[in-house]
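**Q** protein_33.csv is reproduced in full below (CSV, C-alpha atoms and all ligand atoms).
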```csv
chain,number,residue,atom,x,y,z
U,8,MET,CA,-149.0,20.5,89.5
U,9,ALA,CA,-146.3,22.8,91.0
U,10,ASP,CA,-148.2,22.8,94.2
U,11,SER,CA,-148.1,19.1,94.7
U,12,LEU,CA,-144.3,19.0,94.1
U,13,ALA,CA,-143.9,21.8,96.7
U,14,LEU,CA,-145.9,19.7,99.1
U,15,ASP,CA,-143.9,16.6,98.3
U,16,ARG,CA,-140.6,18.5,98.9
U,17,ARG,CA,-141.9,19.9,102.2
U,18,PHE,CA,-142.9,16.5,103.6
U,19,MET,CA,-139.7,14.9,102.3
U,20,ARG,CA,-137.8,17.5,104.3
U,21,ASP,CA,-139.7,16.4,107.4
U,22,ALA,CA,-138.8,12.8,106.6
U,23,LEU,CA,-135.1,13.6,106.1
U,24,ALA,CA,-135.0,15.5,109.4
U,25,MET,CA,-136.6,12.5,111.1
U,26,GLY,CA,-133.9,10.2,109.7
U,27,ARG,CA,-131.0,12.5,110.6
U,28,ARG,CA,-132.0,12.5,114.2
U,29,ASN,CA,-130.8,8.9,114.4
U,30,LEU,CA,-127.6,9.2,112.5
U,31,GLY,CA,-124.9,7.5,114.6
U,32,LEU,CA,-127.5,5.2,116.3
U,33,ALA,CA,-129.0,3.2,113.5
U,34,TRP,CA,-125.9,1.4,112.3
U,35,PRO,CA,-125.5,-1.2,110.7
U,36,ASN,CA,-128.5,0.2,109.0
U,37,PRO,CA,-129.0,3.5,107.3
U,38,ALA,CA,-130.8,6.1,109.4
U,39,VAL,CA,-134.0,6.3,107.3
U,40,GLY,CA,-136.9,8.8,108.0
U,41,ALA,CA,-140.6,8.3,107.2
U,42,VAL,CA,-143.6,10.5,107.4
U,43,LEU,CA,-147.3,9.5,106.7
U,44,VAL,CA,-149.5,12.3,105.5
U,45,ASP,CA,-153.3,12.5,104.9
U,46,PRO,CA,-153.5,13.8,101.2
U,47,ARG,CA,-156.9,15.5,101.8
U,48,ASN,CA,-155.9,17.9,104.6
U,49,HIS,CA,-152.1,17.4,104.7
U,50,ALA,CA,-152.2,16.4,108.4
U,51,ILE,CA,-149.3,14.3,109.6
U,52,LEU,CA,-150.5,10.9,110.7
U,53,GLY,CA,-147.3,9.4,111.9
U,54,ARG,CA,-143.5,9.7,111.8
U,55,GLY,CA,-140.7,7.3,112.2
U,56,ALA,CA,-136.9,6.8,112.0
U,57,THR,CA,-134.8,3.6,111.9
U,58,GLN,CA,-134.4,2.7,115.5
U,59,PRO,CA,-131.1,2.3,117.4
U,60,GLY,CA,-129.3,-0.9,116.2
U,61,GLY,CA,-131.2,-0.7,112.9
U,62,ARG,CA,-134.6,-2.2,113.8
U,63,PRO,CA,-137.5,-1.6,113.5
U,64,HIS,CA,-137.2,0.2,110.2
U,65,ALA,CA,-138.6,3.8,109.8
U,66,GLU,CA,-141.7,2.9,107.8
U,67,VAL,CA,-142.8,0.3,110.4
U,68,VAL,CA,-142.5,2.9,113.2
U,69,ALA,CA,-144.5,5.5,111.2
U,70,LEU,CA,-147.2,2.9,110.3
U,71,GLY,CA,-147.5,1.9,113.9
U,72,ARG,CA,-148.1,5.5,115.0
U,73,ALA,CA,-150.7,6.1,112.3
U,74,GLY,CA,-152.6,2.9,112.9
U,75,ALA,CA,-155.8,2.5,110.8
U,76,ALA,CA,-155.4,6.1,109.6
U,77,ALA,CA,-152.6,5.0,107.2
U,78,ARG,CA,-155.3,3.7,104.7
U,79,GLY,CA,-155.2,6.0,101.7
U,80,ALA,CA,-152.3,8.0,103.1
U,81,THR,CA,-149.1,9.2,101.3
U,82,LEU,CA,-145.8,7.9,102.7
U,83,TYR,CA,-142.6,10.0,102.5
U,84,VAL,CA,-139.5,7.9,103.0
U,85,THR,CA,-135.8,8.8,102.6
U,86,LEU,CA,-134.8,5.4,101.1
U,87,GLU,CA,-136.5,2.8,99.0
U,88,PRO,CA,-138.6,0.6,101.4
U,89,CYS,CA,-137.1,-2.9,101.7
U,90,SER,CA,-138.4,-5.9,99.9
U,91,HIS,CA,-136.3,-8.6,101.6
U,92,VAL,CA,-137.2,-10.7,104.6
U,93,GLY,CA,-134.8,-9.6,107.3
U,94,ARG,CA,-135.5,-9.9,111.1
U,95,THR,CA,-139.1,-9.1,110.3
U,96,GLY,CA,-141.1,-8.9,107.0
U,97,PRO,CA,-140.3,-6.4,104.3
U,98,CYS,CA,-141.5,-2.8,104.7
U,99,ALA,CA,-143.0,-2.8,101.2
U,100,ASP,CA,-145.4,-5.5,102.4
U,101,ALA,CA,-146.3,-3.6,105.5
U,102,ILE,CA,-147.0,-0.5,103.5
U,103,ILE,CA,-149.2,-2.4,101.1
U,104,ALA,CA,-151.1,-4.2,103.9
U,105,ALA,CA,-151.7,-0.8,105.7
U,106,GLY,CA,-153.4,0.5,102.5
U,107,VAL,CA,-151.0,3.3,101.8
U,108,ALA,CA,-152.1,4.8,98.4
U,109,ARG,CA,-148.9,6.7,97.4
U,110,VAL,CA,-145.2,6.5,98.3
U,111,VAL,CA,-142.8,9.3,97.7
U,112,SER,CA,-139.3,7.9,98.0
U,113,ALA,CA,-136.0,9.9,97.9
U,114,ILE,CA,-133.7,7.3,96.4
U,115,GLU,CA,-133.3,3.7,95.4
U,116,ASP,CA,-131.6,1.4,98.0
U,117,PRO,CA,-128.3,0.2,96.5
U,118,ASN,CA,-128.4,-2.9,98.7
U,119,PRO,CA,-128.6,-5.7,96.1
U,120,LEU,CA,-131.3,-7.4,98.2
U,121,VAL,CA,-133.5,-4.4,97.5
U,122,ALA,CA,-132.2,-2.3,94.5
U,123,GLY,CA,-135.5,-1.5,92.8
U,124,LEU,CA,-137.4,-4.5,94.1
U,125,GLY,CA,-139.1,-2.5,96.9
U,126,HIS,CA,-140.4,0.1,94.5
U,127,GLY,CA,-141.4,-2.6,92.1
U,128,ARG,CA,-143.3,-4.5,94.7
U,129,LEU,CA,-145.3,-1.4,95.7
U,130,ARG,CA,-146.2,-0.6,92.1
U,131,GLU,CA,-147.3,-4.2,91.4
U,132,ALA,CA,-149.7,-3.9,94.3
U,133,GLY,CA,-151.2,-0.7,92.8
U,134,VAL,CA,-149.4,1.8,95.0
U,135,GLU,CA,-148.4,5.0,93.2
U,136,VAL,CA,-144.7,5.5,93.5
U,137,LEU,CA,-142.7,8.7,92.9
U,138,ILE,CA,-138.9,8.4,93.2
U,139,GLY,CA,-136.2,11.2,93.5
U,140,VAL,CA,-137.7,13.9,95.7
U,141,GLY,CA,-134.9,15.0,98.1
U,142,ALA,CA,-132.5,12.6,96.4
U,143,GLU,CA,-129.4,14.8,96.9
U,144,GLN,CA,-129.9,15.2,100.6
U,145,ALA,CA,-130.8,11.6,101.0
U,146,ARG,CA,-127.6,10.5,99.3
U,147,ARG,CA,-125.6,12.7,101.7
U,148,ASP,CA,-127.4,11.4,104.8
U,149,HIS,CA,-127.1,7.7,103.7
U,150,ILE,CA,-123.5,8.1,102.3
U,151,GLY,CA,-122.2,5.5,104.7
U,152,HIS,CA,-124.8,3.0,103.6
U,153,PHE,CA,-123.8,3.7,100.0
U,154,THR,CA,-120.0,3.2,100.5
U,155,ARG,CA,-120.6,0.1,102.7
U,156,VAL,CA,-122.8,-1.5,100.0
U,157,ARG,CA,-120.4,-0.4,97.1
U,158,ASP,CA,-117.0,-0.8,98.7
U,159,GLY,CA,-117.6,-2.7,101.9
U,160,ARG,CA,-116.4,0.2,104.1
U,161,PRO,CA,-117.9,3.1,106.0
U,162,ALA,CA,-117.9,6.7,104.7
U,163,VAL,CA,-115.1,8.8,106.2
U,164,LEU,CA,-115.9,12.3,107.3
U,165,LEU,CA,-112.7,14.3,108.1
U,166,LYS,CA,-112.5,17.1,110.6
U,167,LEU,CA,-109.6,19.6,110.2
U,168,ALA,CA,-108.8,22.7,112.2
U,169,GLN,CA,-106.3,25.2,111.0
U,170,THR,CA,-105.1,28.7,111.9
U,171,CYS,CA,-105.8,31.3,109.2
U,172,ASP,CA,-102.2,30.7,107.9
U,173,GLY,CA,-102.8,26.9,107.6
U,174,VAL,CA,-101.2,25.5,110.7
U,175,ALA,CA,-102.8,22.6,112.5
U,176,GLY,CA,-100.6,22.2,115.5
U,177,ARG,CA,-97.1,22.6,117.1
U,178,ARG,CA,-94.4,20.2,116.5
U,179,GLN,CA,-93.7,20.2,120.2
U,180,GLY,CA,-94.9,21.8,123.4
U,181,PRO,CA,-98.4,22.7,124.5
U,182,ARG,CA,-101.5,22.0,122.4
U,183,LEU,CA,-102.2,24.8,120.0
U,184,MET,CA,-105.7,26.3,120.5
U,185,ILE,CA,-107.1,27.1,117.1
U,186,THR,CA,-110.9,27.2,117.3
U,187,GLY,CA,-113.4,28.5,119.9
U,188,GLN,CA,-116.2,27.2,122.1
U,189,GLU,CA,-118.9,27.3,119.5
U,190,THR,CA,-116.8,25.1,117.2
U,191,ARG,CA,-116.2,22.7,120.0
U,192,ALA,CA,-120.0,22.3,120.4
U,193,ARG,CA,-120.4,21.9,116.6
U,194,VAL,CA,-117.7,19.2,116.6
U,195,HIS,CA,-119.4,17.3,119.4
U,196,LEU,CA,-122.6,17.4,117.3
U,197,MET,CA,-120.7,16.0,114.4
U,198,ARG,CA,-119.3,13.3,116.6
U,199,ALA,CA,-122.8,12.3,117.8
U,200,ARG,CA,-123.8,11.7,114.2
U,201,ALA,CA,-121.0,9.3,113.5
U,202,ASP,CA,-120.9,5.6,114.3
U,203,VAL,CA,-117.3,5.7,115.3
U,204,ILE,CA,-114.6,8.4,116.0
U,205,LEU,CA,-111.2,7.6,114.5
U,206,ALA,CA,-107.9,8.9,115.7
U,207,GLY,CA,-104.2,7.9,115.3
U,208,VAL,CA,-102.2,6.8,118.3
U,209,ASN,CA,-100.1,10.0,118.1
U,210,THR,CA,-103.1,12.1,118.8
U,211,ILE,CA,-103.8,9.9,121.9
U,212,LEU,CA,-100.2,10.3,123.0
U,213,ALA,CA,-100.0,14.0,122.4
U,214,ASP,CA,-103.4,15.2,123.7
U,215,ASP,CA,-104.9,12.3,125.7
U,216,PRO,CA,-108.4,13.3,124.4
U,217,ASP,CA,-111.5,11.5,125.6
U,218,LEU,CA,-113.3,11.8,122.2
U,219,THR,CA,-116.8,11.6,123.7
U,220,VAL,CA,-119.9,13.7,123.1
U,221,ARG,CA,-120.2,16.2,126.0
U,222,LEU,CA,-123.2,18.2,125.0
U,223,PRO,CA,-125.9,18.6,127.6
U,224,GLY,CA,-128.5,15.9,127.1
U,225,MET,CA,-126.5,14.1,124.4
U,226,GLU,CA,-123.9,12.3,126.5
U,227,ALA,CA,-125.4,9.0,125.6
U,228,MET,CA,-124.7,9.6,121.9
U,229,SER,CA,-121.0,9.0,122.2
U,230,PRO,CA,-119.8,6.8,119.4
U,231,VAL,CA,-117.3,4.0,119.6
U,232,ARG,CA,-113.7,5.3,119.7
U,233,VAL,CA,-111.3,3.7,117.3
U,234,VAL,CA,-107.6,4.2,117.5
U,235,LEU,CA,-105.1,3.2,114.7
U,236,ASP,CA,-102.2,2.0,116.7
U,237,SER,CA,-99.8,-0.3,114.8
U,238,MET,CA,-97.5,-1.2,117.8
U,239,LEU,CA,-100.1,-0.9,120.6
U,240,ARG,CA,-98.5,2.2,122.2
U,241,THR,CA,-101.7,3.4,123.6
U,242,PRO,CA,-101.0,3.8,127.4
U,243,PRO,CA,-103.4,1.9,129.7
U,244,ALA,CA,-103.7,5.3,131.6
U,245,ALA,CA,-105.1,7.1,128.6
U,246,ARG,CA,-108.6,8.5,129.0
U,247,ILE,CA,-110.0,6.4,126.2
U,248,VAL,CA,-108.8,3.3,128.0
U,249,GLN,CA,-109.8,4.3,131.5
U,250,ASP,CA,-113.5,4.9,130.6
U,251,ALA,CA,-113.7,2.0,128.0
U,252,GLY,CA,-116.4,0.5,130.2
U,253,ARG,CA,-118.7,3.4,129.6
U,254,VAL,CA,-117.9,4.2,125.9
U,255,PRO,CA,-116.4,1.4,123.9
U,256,THR,CA,-112.9,1.7,122.6
U,257,TRP,CA,-111.5,-0.4,119.8
U,258,ILE,CA,-107.8,-0.4,118.8
U,259,ILE,CA,-106.7,-1.5,115.4
U,260,ALA,CA,-103.1,-2.7,115.5
U,261,ALA,CA,-100.8,-4.2,112.9
U,262,GLU,CA,-100.6,-8.0,112.8
U,263,HIS,CA,-97.0,-7.9,114.1
U,264,ALA,CA,-97.9,-5.7,117.2
U,265,PRO,CA,-96.6,-7.2,120.5
U,266,VAL,CA,-98.9,-9.3,122.6
U,267,ALA,CA,-98.2,-8.0,126.1
U,268,PRO,CA,-99.9,-4.6,125.7
U,269,GLU,CA,-102.9,-6.3,124.1
U,270,ILE,CA,-103.4,-8.2,127.3
U,271,ALA,CA,-103.3,-5.1,129.4
U,272,LEU,CA,-105.6,-3.2,127.1
U,273,ALA,CA,-108.1,-6.0,126.9
U,274,ARG,CA,-108.1,-6.3,130.7
U,275,ALA,CA,-109.2,-2.6,130.8
U,276,GLY,CA,-112.1,-3.4,128.4
U,277,VAL,CA,-110.6,-2.3,125.1
U,278,GLU,CA,-111.1,-4.5,122.1
U,279,VAL,CA,-107.9,-5.0,120.1
U,280,MET,CA,-108.2,-6.0,116.4
U,281,ARG,CA,-105.4,-6.6,114.0
U,282,VAL,CA,-105.1,-6.0,110.3
U,283,GLY,CA,-102.3,-6.3,107.7
U,284,SER,CA,-99.9,-3.4,107.5
U,285,ASP,CA,-98.8,-1.1,104.7
U,286,ALA,CA,-95.2,-0.6,103.5
U,287,ASP,CA,-94.4,1.6,106.5
U,288,GLY,CA,-95.7,-1.0,109.0
U,289,ARG,CA,-98.8,0.9,109.8
U,290,PRO,CA,-102.3,-0.6,109.8
U,291,HIS,CA,-103.4,-0.7,106.2
U,292,LEU,CA,-106.1,2.0,106.0
U,293,ALA,CA,-108.4,0.5,103.5
U,294,MET,CA,-108.2,-2.9,105.3
U,295,ALA,CA,-108.9,-1.2,108.7
U,296,LEU,CA,-112.0,0.5,107.2
U,297,GLN,CA,-113.1,-2.8,105.6
U,298,LEU,CA,-112.8,-4.4,109.1
U,299,LEU,CA,-115.0,-1.6,110.5
U,300,GLY,CA,-117.5,-2.3,107.6
U,301,THR,CA,-117.8,-5.9,108.6
U,302,ARG,CA,-118.6,-4.7,112.1
U,303,GLY,CA,-121.5,-2.7,110.6
U,304,VAL,CA,-119.9,0.7,110.9
U,305,THR,CA,-121.3,3.1,108.2
U,306,ARG,CA,-120.0,6.5,109.3
U,307,VAL,CA,-116.4,7.3,110.6
U,308,PHE,CA,-115.7,10.8,112.0
U,309,CYS,CA,-111.9,11.2,111.8
U,310,GLU,CA,-110.2,13.6,114.2
U,311,GLY,CA,-106.9,12.0,113.8
U,312,GLY,CA,-104.6,14.9,112.9
U,313,PRO,CA,-102.9,16.0,109.7
U,314,ALA,CA,-100.8,12.8,109.1
U,315,LEU,CA,-103.8,10.5,109.2
U,316,ALA,CA,-105.9,12.9,107.2
U,317,GLU,CA,-103.2,13.0,104.5
U,318,ALA,CA,-102.9,9.2,104.4
U,319,LEU,CA,-106.7,8.8,104.1
U,320,ALA,CA,-106.7,11.4,101.3
U,321,ALA,CA,-103.8,9.7,99.5
U,322,ALA,CA,-105.8,6.4,99.6
U,323,ARG,CA,-108.9,8.2,98.3
U,324,LEU,CA,-110.9,7.2,101.3
U,325,VAL,CA,-112.4,10.5,102.2
U,326,GLU,CA,-116.1,11.3,101.5
U,327,GLU,CA,-116.5,14.6,103.4
U,328,VAL,CA,-114.3,17.3,105.0
U,329,ALA,CA,-115.3,19.8,107.6
U,330,LEU,CA,-112.6,22.5,107.6
U,331,PHE,CA,-112.6,24.9,110.5
U,332,THR,CA,-110.4,28.0,110.2
U,333,GLY,CA,-109.6,30.0,113.3
U,334,PRO,CA,-109.2,33.8,113.4
U,335,SER,CA,-105.5,33.9,114.5
U,336,HIS,CA,-102.1,33.3,112.9
U,337,PHE,CA,-99.7,30.7,114.2
U,338,ASP,CA,-97.8,32.4,117.0
U,339,GLY,CA,-94.6,30.3,117.0
U,340,PRO,CA,-91.6,30.1,114.7
U,341,PRO,CA,-92.7,28.8,111.3
U,342,ASP,CA,-90.6,25.6,111.5
U,343,GLN,CA,-92.5,24.7,114.6
U,344,GLY,CA,-95.9,24.6,112.9
U,345,VAL,CA,-97.4,21.5,111.4
U,346,ALA,CA,-99.2,22.2,108.2
U,347,ALA,CA,-102.9,21.3,108.2
U,348,MET,CA,-102.8,20.0,104.7
U,349,GLY,CA,-100.5,17.9,102.7
U,350,PRO,CA,-100.4,17.6,98.9
U,351,HIS,CA,-102.9,14.7,98.7
U,352,LEU,CA,-105.5,16.4,100.9
U,353,ARG,CA,-105.1,19.6,98.8
U,354,THR,CA,-105.7,17.6,95.6
U,355,ALA,CA,-108.7,15.9,97.2
U,356,LEU,CA,-110.2,19.1,98.3
U,357,ASP,CA,-109.7,20.7,94.9
U,358,ALA,CA,-111.8,17.9,93.4
U,359,MET,CA,-114.6,18.2,96.0
U,360,CYS,CA,-117.6,20.5,96.0
U,361,VAL,CA,-118.3,23.0,98.8
U,362,VAL,CA,-121.7,22.1,100.2
U,363,GLU,CA,-121.7,24.5,103.1
U,364,THR,CA,-119.9,27.6,104.2
U,365,GLY,CA,-120.5,29.8,107.2
U,366,THR,CA,-119.1,31.0,110.5
U,367,VAL,CA,-119.2,29.2,113.8
U,368,GLY,CA,-118.4,31.8,116.5
U,369,ASP,CA,-115.2,33.4,115.3
U,370,ASP,CA,-114.2,30.5,113.1
U,371,ALA,CA,-115.0,29.9,109.5
U,372,LEU,CA,-116.4,26.5,108.5
U,373,GLN,CA,-116.4,25.0,105.0
U,374,ILE,CA,-117.8,21.5,104.3
U,375,PHE,CA,-116.5,19.8,101.2
U,376,GLU,CA,-118.0,16.7,99.7
U,377,ARG,CA,-116.7,14.2,97.3
U,378,VAL,CA,-118.4,14.3,93.9
U,379,ASN,CA,-118.1,10.7,92.8
U,401,LIG,C1,-136.0,0.2,105.1
U,401,LIG,N1,-136.3,1.0,106.1
U,401,LIG,O1,-135.6,2.1,107.9
U,401,LIG,C2,-134.0,0.9,106.8
U,401,LIG,C3,-133.7,0.1,105.6
U,401,LIG,O2,-131.1,-6.4,108.4
U,401,LIG,P1,-132.4,-5.7,108.1
U,401,LIG,O3,-133.6,-6.6,107.9
U,401,LIG,O4,-132.7,-4.7,109.1
U,401,LIG,O5,-132.2,-5.0,106.7
U,401,LIG,C4,-131.2,-4.1,106.5
U,401,LIG,C5,-131.3,-3.4,105.2
U,401,LIG,O6,-132.5,-2.7,105.0
U,401,LIG,C6,-130.2,-2.3,105.0
U,401,LIG,O7,-129.0,-2.9,104.6
U,401,LIG,C7,-130.8,-1.4,104.0
U,401,LIG,O8,-130.7,-1.9,102.7
U,401,LIG,C8,-132.3,-1.4,104.4
U,401,LIG,N2,-132.5,-0.4,105.4
U,401,LIG,N3,-134.8,-0.2,104.8
U,401,LIG,O9,-137.0,-0.2,104.4
U,401,LIG,C9,-135.3,1.4,107.0
U,401,LIG,N4,-133.0,1.2,107.6
U,402,ZN,ZN,-137.6,-2.0,105.7
```
Output the file's structure in the form of structure tokens.
Ligand code: AOF
Ligand code: ZN
**A**
Amino acid sequence: MADSLALDRRFMRDALAMGRRNLGLAWPNPAVGAVLVDPRNHAILGRGATQPGGRPHAEVVALGRAGAAARGATLYVTLEPCSHVGRTGPCADAIIAAGVARVVSAIEDPNPLVAGLGHGRLREAGVEVLIGVGAEQARRDHIGHFTRVRDGRPAVLLKLAQTCDGVAGRRQGPRLMITGQETRARVHLMRARADVILAGVNTILADDPDLTVRLPGMEAMSPVRVVLDSMLRTPPAARIVQDAGRVPTWIIAAEHAPVAPEIALARAGVEVMRVGSDADGRPHLAMALQLLGTRGVTRVFCEGGPALAEALAAARLVEEVALFTGPSHFDGPPDQGVAAMGPHLRTALDAMCVVETGTVGDDALQIFERVN
């Protein structure tokens, strides 16, 4: 039955692509994709993805599109259909009620409310269930759901840019231009697929970035911007503060941060949160991420610069690294260059696997993924 496996893979790829379209929008839920197919002629009867804010679930959307045609159909879905009663009834029950004959599911949902119960319920009702097609890609796409269920925190995807001799920036002076226009577009796409963008206050002070998605047609996909700023040094004139009414900005400060700047920032529409600090007085990274987890955040895209990247790696909080390497050498005196990678990040990368390599314009891109 090699043919049927090839078909299952093909339609699961469709379902995975559907789900990925809503990465960055579906939180606090995973961005699931679903495709209903007529097994007789392989016609697609309906597609769906988890909707912005997490509801309706993907299966319900696909079933709604297919209507009565779902009877006898095969459903491809990138995560186990839920079995719990949430804001509406369980997807497993909707699938059974629609008369779906076969479900091909990429991976079990680790959520203890579901964890095998969705598949079990389908089988009990006489639905044929095949699990595991596309599992590797599904685990990647749902990585934030997995870390949130397992560790109570979002997954961290780290972006790094370096010159070909490993420099990420200048100690002082104008910003070092490392990568080209094509990389900029690619980074904006990566931003759009995240729930929040994370940066340290030093990046805000040095570059005054706006950290939004500025791709034509995708401006509405800008994630929440989160700044780690222990002493609340973010200036009220910073871009991320000035346009906080349009794209939300959250600042995570240490408990001992002064109150006066908080009032000014809050007046500008910024939400200030406080967490305990580490030995150096900075917001405790694991606690900051836990806090984001309680807010429903599943995917963090970190553009915070080398110091934050190194600290995240040291705390073993990095799931994925996108490393862009530009074509030029650092043009300044060696002692003026900030190294892109510290020892913890190097060790972390050594233990990761490379899942993608290629070029983006004149830059090289490698994507590394944590193995366990
Ligand atoms: C599905 N299909 O498209 C998604 C699922 O709060 P609720 O009721 O929306 O349930 C959230 C949980 O449902 C979430 O934590 C995850 O386990 C699962 N997500 N399940 O059947 C979907 N997004
Ligand atoms: Zn569901």
**Q** With 12 Å as the threshold, what does the neighbourhood of (-153.5, 7.3, 105.1) contain in terms of residues, counting only C-alpha atoms? Coordinates are those of the file; answer as a PyMOL selection string.
**A** chain U and resi 42-53+69-83+102-110
**Q** With all atoms listed in the file counted, collect every polymer residue having an atom within 10 Å of ligand LIG 401 (chain U); state the result as a ChimeraX atom specification.
**A** /U:26,33-41,55-58,60-68,84-99,101,115-122,125,149,152-153,155-156,303
**Q** For the residues in that selection, give me C-alpha atoms as a PDB file, keeping the file's coordinate frame.
**A**
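New file out.pdb:
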```pdb
ATOM      1  CA  GLY U  26    -133.900  10.200 109.700  1.00  0.00           C
ATOM      2  CA  ALA U  33    -129.000   3.200 113.500  1.00  0.00           C
ATOM      3  CA  TRP U  34    -125.900   1.400 112.300  1.00  0.00           C
ATOM      4  CA  PRO U  35    -125.500  -1.200 110.700  1.00  0.00           C
ATOM      5  CA  ASN U  36    -128.500   0.200 109.000  1.00  0.00           C
ATOM      6  CA  PRO U  37    -129.000   3.500 107.300  1.00  0.00           C
ATOM      7  CA  ALA U  38    -130.800   6.100 109.400  1.00  0.00           C
ATOM      8  CA  VAL U  39    -134.000   6.300 107.300  1.00  0.00           C
ATOM      9  CA  GLY U  40    -136.900   8.800 108.000  1.00  0.00           C
ATOM     10  CA  ALA U  41    -140.600   8.300 107.200  1.00  0.00           C
ATOM     11  CA  GLY U  55    -140.700   7.300 112.200  1.00  0.00           C
ATOM     12  CA  ALA U  56    -136.900   6.800 112.000  1.00  0.00           C
ATOM     13  CA  THR U  57    -134.800   3.600 111.900  1.00  0.00           C
ATOM     14  CA  GLN U  58    -134.400   2.700 115.500  1.00  0.00           C
ATOM     15  CA  GLY U  60    -129.300  -0.900 116.200  1.00  0.00           C
ATOM     16  CA  GLY U  61    -131.200  -0.700 112.900  1.00  0.00           C
ATOM     17  CA  ARG U  62    -134.600  -2.200 113.800  1.00  0.00           C
ATOM     18  CA  PRO U  63    -137.500  -1.600 113.500  1.00  0.00           C
ATOM     19  CA  HIS U  64    -137.200   0.200 110.200  1.00  0.00           C
ATOM     20  CA  ALA U  65    -138.600   3.800 109.800  1.00  0.00           C
ATOM     21  CA  GLU U  66    -141.700   2.900 107.800  1.00  0.00           C
ATOM     22  CA  VAL U  67    -142.800   0.300 110.400  1.00  0.00           C
ATOM     23  CA  VAL U  68    -142.500   2.900 113.200  1.00  0.00           C
ATOM     24  CA  VAL U  84    -139.500   7.900 103.000  1.00  0.00           C
ATOM     25  CA  THR U  85    -135.800   8.800 102.600  1.00  0.00           C
ATOM     26  CA  LEU U  86    -134.800   5.400 101.100  1.00  0.00           C
ATOM     27  CA  GLU U  87    -136.500   2.800  99.000  1.00  0.00           C
ATOM     28  CA  PRO U  88    -138.600   0.600 101.400  1.00  0.00           C
ATOM     29  CA  CYS U  89    -137.100  -2.900 101.700  1.00  0.00           C
ATOM     30  CA  SER U  90    -138.400  -5.900  99.900  1.00  0.00           C
ATOM     31  CA  HIS U  91    -136.300  -8.600 101.600  1.00  0.00           C
ATOM     32  CA  VAL U  92    -137.200 -10.700 104.600  1.00  0.00           C
ATOM     33  CA  GLY U  93    -134.800  -9.600 107.300  1.00  0.00           C
ATOM     34  CA  ARG U  94    -135.500  -9.900 111.100  1.00  0.00           C
ATOM     35  CA  THR U  95    -139.100  -9.100 110.300  1.00  0.00           C
ATOM     36  CA  GLY U  96    -141.100  -8.900 107.000  1.00  0.00           C
ATOM     37  CA  PRO U  97    -140.300  -6.400 104.300  1.00  0.00           C
ATOM     38  CA  CYS U  98    -141.500  -2.800 104.700  1.00  0.00           C
ATOM     39  CA  ALA U  99    -143.000  -2.800 101.200  1.00  0.00           C
ATOM     40  CA  ALA U 101    -146.300  -3.600 105.500  1.00  0.00           C
ATOM     41  CA  GLU U 115    -133.300   3.700  95.400  1.00  0.00           C
ATOM     42  CA  ASP U 116    -131.600   1.400  98.000  1.00  0.00           C
ATOM     43  CA  PRO U 117    -128.300   0.200  96.500  1.00  0.00           C
ATOM     44  CA  ASN U 118    -128.400  -2.900  98.700  1.00  0.00           C
ATOM     45  CA  PRO U 119    -128.600  -5.700  96.100  1.00  0.00           C
ATOM     46  CA  LEU U 120    -131.300  -7.400  98.200  1.00  0.00           C
ATOM     47  CA  VAL U 121    -133.500  -4.400  97.500  1.00  0.00           C
ATOM     48  CA  ALA U 122    -132.200  -2.300  94.500  1.00  0.00           C
ATOM     49  CA  GLY U 125    -139.100  -2.500  96.900  1.00  0.00           C
ATOM     50  CA  HIS U 149    -127.100   7.700 103.700  1.00  0.00           C
ATOM     51  CA  HIS U 152    -124.800   3.000 103.600  1.00  0.00           C
ATOM     52  CA  PHE U 153    -123.800   3.700 100.000  1.00  0.00           C
ATOM     53  CA  ARG U 155    -120.600   0.100 102.700  1.00  0.00           C
ATOM     54  CA  VAL U 156    -122.800  -1.500 100.000  1.00  0.00           C
ATOM     55  CA  GLY U 303    -121.500  -2.700 110.600  1.00  0.00           C
TER      56      GLY U 303
END
```
**Q** So the first atom is CA of Leu299 (chain U) and the second is CA of Ser229 (chain U); what is the distance between them in Å, to one decimal place?
**A**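 CA of Ser229 (chain U) lies at a distance of 16.9 Å from CA of Leu299 (chain U).
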**Q** Hey, what's within 8 Å of Leu218 (chain U) if we count all atoms listed in the file and toss same-chain stuff fewer than 4 positions away? As a list in words, please?
**A** Ile204, Arg232 and Ile247 of chain U
**Q** Restricting the calculation to only C-alpha atoms and all ligand atoms, which member of U:Ala13, U:Asp100, U:Ala271, U:Leu319 is positioned closest to ligand ZN 402 (chain U)?
**A**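 So, comparing all the options, the nearest one is U:Asp100.
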**Q** What gap, in Å, lies between CA of Thr354 (chain U) and CA of Ala286 (chain U)?
**A** 22.4 Å
**Q** Out of U:Ile211, U:Ala24, U:Leu183, U:Leu124, which residue has the shortest atom-to-atom distance to ligand ZN 402 (chain U) when counting only C-alpha atoms and all ligand atoms?
**A**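 So, comparing all the options, the nearest one is U:Leu124.
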**Q** Can you tell me which residues surround Gly173 (chain U) at a distance of at most 8 Å, considering all atoms listed in the file, apart from same-chain residues fewer than 2 positions away, and format the answer as a ChimeraX atom specification?
**A** /U:169-171,175,346-348
**Q** In Å, with one decimal, what is the gap from CA of Gly187 (chain U) to CA of Met228 (chain U)?
**A** 22.1 Å
**Q** As an mmCIF file with C-alpha atoms, in the coordinates of the input, please: the residues near Asp357 (chain U) (cut-off 10 Å, all atoms listed in the file, same-chain neighbours under 4 positions excluded).
**A**
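Final file, around08.cif:
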```cif
data_model
loop_
_atom_site.group_PDB
_atom_site.id
_atom_site.type_symbol
_atom_site.label_atom_id
_atom_site.label_comp_id
_atom_site.auth_asym_id
_atom_site.auth_seq_id
_atom_site.Cartn_x
_atom_site.Cartn_y
_atom_site.Cartn_z
ATOM 1 C CA HIS U 351 -102.900 14.700 98.700
ATOM 2 C CA LEU U 352 -105.500 16.400 100.900
ATOM 3 C CA ARG U 353 -105.100 19.600 98.800
ATOM 4 C CA VAL U 361 -118.300 23.000 98.800
ATOM 5 C CA PHE U 375 -116.500 19.800 101.200
ATOM 6 C CA ARG U 377 -116.700 14.200 97.300
#
```
